[in-house]
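Student: Can you read through this structure? Questions will come right after.
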Amino acid sequence: MLKFAFLINVPGQSPRIYSGIYENSESFNLVAGTGSMEETKEFVGELAADGYTLLNLCGDFDDAVTAEMQEIAGPDVKIRHADYLPDELAKVEALPEFSKYGIVIVMRGVEEPAEVVLSCTDFYTKAIFVKDQEQASAAAKQLAAEGMHDIELCSWFTEEKTQAVIDAIGGAVPVGSCGL
């Protein structure tokens, strides 16, 4: 069974409080917020020890930090962080507010889309697990319609698949991808 985690930087939160799980017959999936880079590093070590083999990190994590996380996790864990195409990055940098965050994850074992919602006083996250590009585009449309300020995609999304999601939502909000 695949063990996957998508980690996001949420100041003031911890993965013991700001987290949710989606599980099916083929995968166990964790979406969690960490309050600092140091806490994330510690948590990555715990996840690796617990058998997680695929970790995606939000766009707050850059190449250098991701490399540090990879060293902590070891060679059996694949870690990718979200990045943005130039036009999408410009949209992120121009955001007047960032308190509603959407995630789309293509995962094995999914038939119908499944949601994991995390919320605290200052931040709201909705992750939607889907089975394919068609469901991913529909999920992104839903997230954009719900007023998410930003959407990030899991590492399944190549540049072409990421662009298809951007096109599906008509560029309504910035879209980043752990697959770029």
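Residues are referred to by chain and number: the chain letter is A, B, ... according to the order shown in the structure tokens, the number counts from 1 in that chain, and ligands are numbered separately from 1 in the order shown.
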Near Glu46 (chain A), within 10 Å and counting only C-alpha atoms, which residues show up once chain neighbours fewer than 6 positions away are dropped, as a PyMOL selection string?
Tutor: chain A and resi 40+52+72-73
Student: Convert the current residue selection to file output with N, CA and C atoms, as a short mmCIF file (atom, residue, chain, number, x, y, z; two decimals), in the first residue's frame.
Tutor:
data_model
loop_
_atom_site.label_atom_id
_atom_site.label_comp_id
_atom_site.auth_asym_id
_atom_site.auth_seq_id
_atom_site.Cartn_x
_atom_site.Cartn_y
_atom_site.Cartn_z
N THR A 40 8.91 20.71 10.19
CA THR A 40 8.71 19.89 8.99
C THR A 40 9.83 18.87 8.85
N TYR A 52 6.30 5.97 4.87
CA TYR A 52 5.85 6.82 3.76
C TYR A 52 6.93 6.83 2.69
N ILE A 72 17.14 13.83 5.03
CA ILE A 72 16.56 13.32 6.28
C ILE A 72 15.76 12.04 6.01
N ALA A 73 14.96 12.06 4.93
CA ALA A 73 14.07 10.94 4.64
C ALA A 73 14.80 9.72 4.12
#
Student: Which polymer residues have any atom within 12 Å of an atom of Ala90 (chain A), counting only C-alpha atoms, with same-chain residues fewer than 2 positions away left out, as a list in words?
Tutor: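 The filter keeps Asp83, Tyr84, Leu85, Pro86, Asp87, Glu88, Val92, Glu93, Ala94, Leu95, Gly171, Val173, Pro174, Val175 and Gly176 of chain A.
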Student: So, with only C-alpha atoms as the atoms that count, which of A:Ala136, A:Ala5, A:Met148, A:Leu89 lies closest to Phe123 (chain A)?
Tutor: A:Met148
Student: Tell me, as a PyMOL selection string, which residues lie within 12 Å of Met107 (chain A), counting only C-alpha atoms; anything in the same chain fewer than 4 positions away does not count.
Tutor: chain A and resi 1-6+22-30+54+111-114+127-133+135-136+153-157
Student: Let's have the selection written as a compact mmCIF listing (two decimals), in the first residue's frame, with N, CA and C atoms.
Tutor:
# COMPACT_ATOMS: atom_id res chain seq x y z
N MET A 1 0.84 -1.18 0.00
CA MET A 1 0.00 0.00 0.00
C MET A 1 0.89 1.24 0.00
N LEU A 2 0.58 2.19 -0.88
CA LEU A 2 1.32 3.44 -0.95
C LEU A 2 0.97 4.32 0.24
N LYS A 3 2.00 4.88 0.88
CA LYS A 3 1.79 5.86 1.95
C LYS A 3 2.31 7.20 1.44
N PHE A 4 1.39 8.17 1.34
CA PHE A 4 1.67 9.47 0.73
C PHE A 4 1.30 10.58 1.71
N ALA A 5 2.09 11.65 1.71
CA ALA A 5 1.75 12.82 2.52
C ALA A 5 1.97 14.09 1.70
N PHE A 6 1.06 15.04 1.86
CA PHE A 6 1.21 16.38 1.29
C PHE A 6 1.32 17.32 2.48
N TYR A 22 -7.06 10.53 4.14
CA TYR A 22 -7.91 9.86 3.16
C TYR A 22 -7.26 8.51 2.90
N GLU A 23 -8.06 7.46 3.02
CA GLU A 23 -7.53 6.11 2.84
C GLU A 23 -8.47 5.32 1.93
N ASN A 24 -7.88 4.50 1.06
CA ASN A 24 -8.65 3.55 0.27
C ASN A 24 -7.88 2.22 0.24
N SER A 25 -8.32 1.28 -0.56
CA SER A 25 -7.71 -0.04 -0.54
C SER A 25 -6.27 -0.06 -1.09
N GLU A 26 -5.86 1.00 -1.80
CA GLU A 26 -4.53 1.02 -2.41
C GLU A 26 -3.58 2.07 -1.86
N SER A 27 -4.11 3.02 -1.06
CA SER A 27 -3.25 4.09 -0.59
C SER A 27 -3.73 4.67 0.75
N PHE A 28 -2.75 5.12 1.52
CA PHE A 28 -3.00 5.83 2.78
C PHE A 28 -2.41 7.22 2.60
N ASN A 29 -3.23 8.24 2.78
CA ASN A 29 -2.84 9.60 2.42
C ASN A 29 -3.04 10.56 3.58
N LEU A 30 -2.03 11.35 3.85
CA LEU A 30 -2.07 12.33 4.92
C LEU A 30 -1.86 13.72 4.32
N LEU A 54 6.30 8.61 -0.53
CA LEU A 54 6.10 9.74 -1.42
C LEU A 54 5.59 10.93 -0.62
N GLU A 111 -11.88 6.21 -6.94
CA GLU A 111 -12.89 6.10 -7.99
C GLU A 111 -13.68 7.39 -8.09
N GLU A 112 -14.26 7.83 -6.99
CA GLU A 112 -14.99 9.09 -6.93
C GLU A 112 -14.18 10.08 -6.12
N PRO A 113 -14.20 11.36 -6.48
CA PRO A 113 -13.43 12.35 -5.73
C PRO A 113 -13.76 12.32 -4.23
N ALA A 114 -12.72 12.50 -3.43
CA ALA A 114 -12.86 12.51 -1.97
C ALA A 114 -12.15 13.74 -1.43
N ALA A 127 -8.26 19.61 0.26
CA ALA A 127 -7.57 18.71 -0.68
C ALA A 127 -8.63 17.79 -1.29
N ILE A 128 -8.56 17.64 -2.59
CA ILE A 128 -9.49 16.74 -3.28
C ILE A 128 -8.66 15.65 -3.96
N PHE A 129 -8.95 14.41 -3.60
CA PHE A 129 -8.30 13.24 -4.19
C PHE A 129 -9.14 12.76 -5.37
N VAL A 130 -8.47 12.55 -6.51
CA VAL A 130 -9.15 12.18 -7.75
C VAL A 130 -8.39 11.03 -8.42
N LYS A 131 -9.01 10.49 -9.48
CA LYS A 131 -8.37 9.35 -10.15
C LYS A 131 -7.67 9.70 -11.46
N ASP A 132 -8.01 10.84 -12.09
CA ASP A 132 -7.44 11.12 -13.41
C ASP A 132 -7.52 12.60 -13.75
N GLN A 133 -7.05 12.94 -14.94
CA GLN A 133 -7.02 14.33 -15.39
C GLN A 133 -8.41 14.94 -15.44
N GLN A 135 -11.13 14.23 -13.67
CA GLN A 135 -11.58 14.55 -12.31
C GLN A 135 -10.74 15.68 -11.71
N ALA A 136 -9.45 15.74 -12.05
CA ALA A 136 -8.57 16.79 -11.53
C ALA A 136 -9.03 18.16 -12.02
N LEU A 153 -0.96 21.23 -7.10
CA LEU A 153 -1.20 19.88 -7.59
C LEU A 153 -0.09 18.95 -7.14
N CYS A 154 -0.41 17.69 -6.99
CA CYS A 154 0.58 16.70 -6.56
C CYS A 154 1.60 16.41 -7.66
N SER A 155 2.55 15.56 -7.36
CA SER A 155 3.66 15.28 -8.28
C SER A 155 3.27 14.43 -9.49
N TRP A 156 2.04 13.97 -9.58
CA TRP A 156 1.55 13.25 -10.76
C TRP A 156 1.49 14.18 -11.97
N PHE A 157 1.33 15.47 -11.72
CA PHE A 157 1.09 16.45 -12.78
C PHE A 157 2.37 16.93 -13.44
Student: What is the distance between CA of Val110 (chain A) and CA of Ala168 (chain A), in Å to one decimal?
Tutor: 20.9 Å
Student: Give me the residues within 10 Å of Ile17 (chain A) as an NGL selection string, counting only C-alpha atoms and dropping any in the same chain fewer than 3 places off.
Tutor: :A and (13-14 or 20 or 32-34 or 118-120)
Student: Can you write just those residues out, all heavy atoms, as a PDB file, in the first residue's frame?
Tutor:
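part.pdb, freshly written:
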ATOM      1  N   GLN A  13       0.604  26.143  13.394  1.00  0.00           N
ATOM      2  CA  GLN A  13      -0.071  24.841  13.418  1.00  0.00           C
ATOM      3  C   GLN A  13       0.951  23.711  13.531  1.00  0.00           C
ATOM      4  O   GLN A  13       2.138  23.908  13.343  1.00  0.00           O
ATOM      5  CB  GLN A  13      -0.923  24.656  12.163  1.00  0.00           C
ATOM      6  CG  GLN A  13      -2.066  25.627  12.063  1.00  0.00           C
ATOM      7  CD  GLN A  13      -2.999  25.561  13.254  1.00  0.00           C
ATOM      8  OE1 GLN A  13      -3.462  24.499  13.641  1.00  0.00           O
ATOM      9  NE2 GLN A  13      -3.259  26.713  13.865  1.00  0.00           N
ATOM     10  N   SER A  14       0.439  22.520  13.826  1.00  0.00           N
ATOM     11  CA  SER A  14       1.297  21.343  13.875  1.00  0.00           C
ATOM     12  C   SER A  14       0.557  20.188  13.212  1.00  0.00           C
ATOM     13  O   SER A  14      -0.669  20.190  13.160  1.00  0.00           O
ATOM     14  CB  SER A  14       1.650  20.994  15.325  1.00  0.00           C
ATOM     15  OG  SER A  14       0.849  19.969  15.811  1.00  0.00           O
ATOM     16  N   GLY A  20      -5.415  15.728   8.162  1.00  0.00           N
ATOM     17  CA  GLY A  20      -6.545  14.883   7.792  1.00  0.00           C
ATOM     18  C   GLY A  20      -6.051  13.701   6.982  1.00  0.00           C
ATOM     19  O   GLY A  20      -4.974  13.753   6.369  1.00  0.00           O
ATOM     20  N   ALA A  32      -1.188  17.471   5.892  1.00  0.00           N
ATOM     21  CA  ALA A  32      -0.873  18.050   7.199  1.00  0.00           C
ATOM     22  C   ALA A  32      -0.149  19.383   7.062  1.00  0.00           C
ATOM     23  O   ALA A  32       0.611  19.598   6.129  1.00  0.00           O
ATOM     24  CB  ALA A  32      -0.008  17.081   8.009  1.00  0.00           C
ATOM     25  N   GLY A  33      -0.394  20.238   8.047  1.00  0.00           N
ATOM     26  CA  GLY A  33       0.292  21.516   8.124  1.00  0.00           C
ATOM     27  C   GLY A  33       1.342  21.491   9.213  1.00  0.00           C
ATOM     28  O   GLY A  33       1.130  20.915  10.282  1.00  0.00           O
ATOM     29  N   THR A  34       2.461  22.102   8.918  1.00  0.00           N
ATOM     30  CA  THR A  34       3.523  22.235   9.913  1.00  0.00           C
ATOM     31  C   THR A  34       3.783  23.723  10.127  1.00  0.00           C
ATOM     32  O   THR A  34       3.615  24.537   9.216  1.00  0.00           O
ATOM     33  CB  THR A  34       4.818  21.544   9.446  1.00  0.00           C
ATOM     34  OG1 THR A  34       5.207  22.085   8.182  1.00  0.00           O
ATOM     35  CG2 THR A  34       4.607  20.040   9.309  1.00  0.00           C
ATOM     36  N   LEU A 118      -9.202  20.923   6.134  1.00  0.00           N
ATOM     37  CA  LEU A 118      -8.492  21.330   7.346  1.00  0.00           C
ATOM     38  C   LEU A 118      -8.774  22.816   7.549  1.00  0.00           C
ATOM     39  O   LEU A 118      -8.784  23.582   6.588  1.00  0.00           O
ATOM     40  CB  LEU A 118      -6.988  21.122   7.194  1.00  0.00           C
ATOM     41  CG  LEU A 118      -6.517  19.767   6.669  1.00  0.00           C
ATOM     42  CD1 LEU A 118      -5.019  19.784   6.452  1.00  0.00           C
ATOM     43  CD2 LEU A 118      -6.909  18.669   7.619  1.00  0.00           C
ATOM     44  N   SER A 119      -8.960  23.200   8.813  1.00  0.00           N
ATOM     45  CA  SER A 119      -9.274  24.598   9.055  1.00  0.00           C
ATOM     46  C   SER A 119      -8.810  25.028  10.440  1.00  0.00           C
ATOM     47  O   SER A 119      -8.858  24.256  11.392  1.00  0.00           O
ATOM     48  CB  SER A 119     -10.793  24.795   8.932  1.00  0.00           C
ATOM     49  OG  SER A 119     -11.128  26.145   9.057  1.00  0.00           O
ATOM     50  N   CYS A 120      -8.368  26.282  10.507  1.00  0.00           N
ATOM     51  CA  CYS A 120      -8.044  26.925  11.766  1.00  0.00           C
ATOM     52  C   CYS A 120      -8.478  28.386  11.646  1.00  0.00           C
ATOM     53  O   CYS A 120      -9.029  28.779  10.616  1.00  0.00           O
ATOM     54  CB  CYS A 120      -6.562  26.788  12.115  1.00  0.00           C
ATOM     55  SG  CYS A 120      -5.438  27.583  10.955  1.00  0.00           S
TER      56      CYS A 120
END
Student: If we count only C-alpha atoms, what is near His149 (chain A) at a cut-off of 6 Å, once residues fewer than 6 positions away on the same chain are taken out, given as a short mmCIF file (atom, residue, chain, number, x, y, z; two decimals) with N, CA, C and O atoms, in the first residue's frame?
Tutor:
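Listed below is the output, part_26.cif:
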data_model
loop_
_atom_site.label_atom_id
_atom_site.label_comp_id
_atom_site.auth_asym_id
_atom_site.auth_seq_id
_atom_site.Cartn_x
_atom_site.Cartn_y
_atom_site.Cartn_z
N PHE A 98 -3.86 35.35 1.26
CA PHE A 98 -3.62 33.91 1.08
C PHE A 98 -4.06 33.19 2.34
O PHE A 98 -3.29 32.97 3.26
N LYS A 100 -6.98 30.79 1.85
CA LYS A 100 -7.76 29.66 1.36
C LYS A 100 -6.94 28.94 0.29
O LYS A 100 -6.62 29.51 -0.74
N TYR A 101 -6.62 27.68 0.57
CA TYR A 101 -5.65 26.93 -0.23
C TYR A 101 -6.26 25.61 -0.68
O TYR A 101 -6.78 24.85 0.13
#
Student: To test your reading of the structure, identify every residue in chain A that backbone DSSP assigns to helix (DSSP H, G or I), and report it as a ChimeraX atom specification.
Tutor: /A:37-49,63-73,86-93,133-145,159-168
Student: Smallest atom-to-atom distance to Gly59 (chain A): which of A:Val117, A:Val165, A:Ala139, A:Val10, using only C-alpha atoms?
Tutor: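 Under the stated criterion, the closest residue is A:Val10.
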Student: From a backbone DSSP assignment, name each residue in chain A labelled strand (DSSP E or B), as a PyMOL selection string.
Tutor: chain A and resi 2-9+19-23+27-34+54-57+78-81+83+100-106+114-119+124-130+150-153+175-177
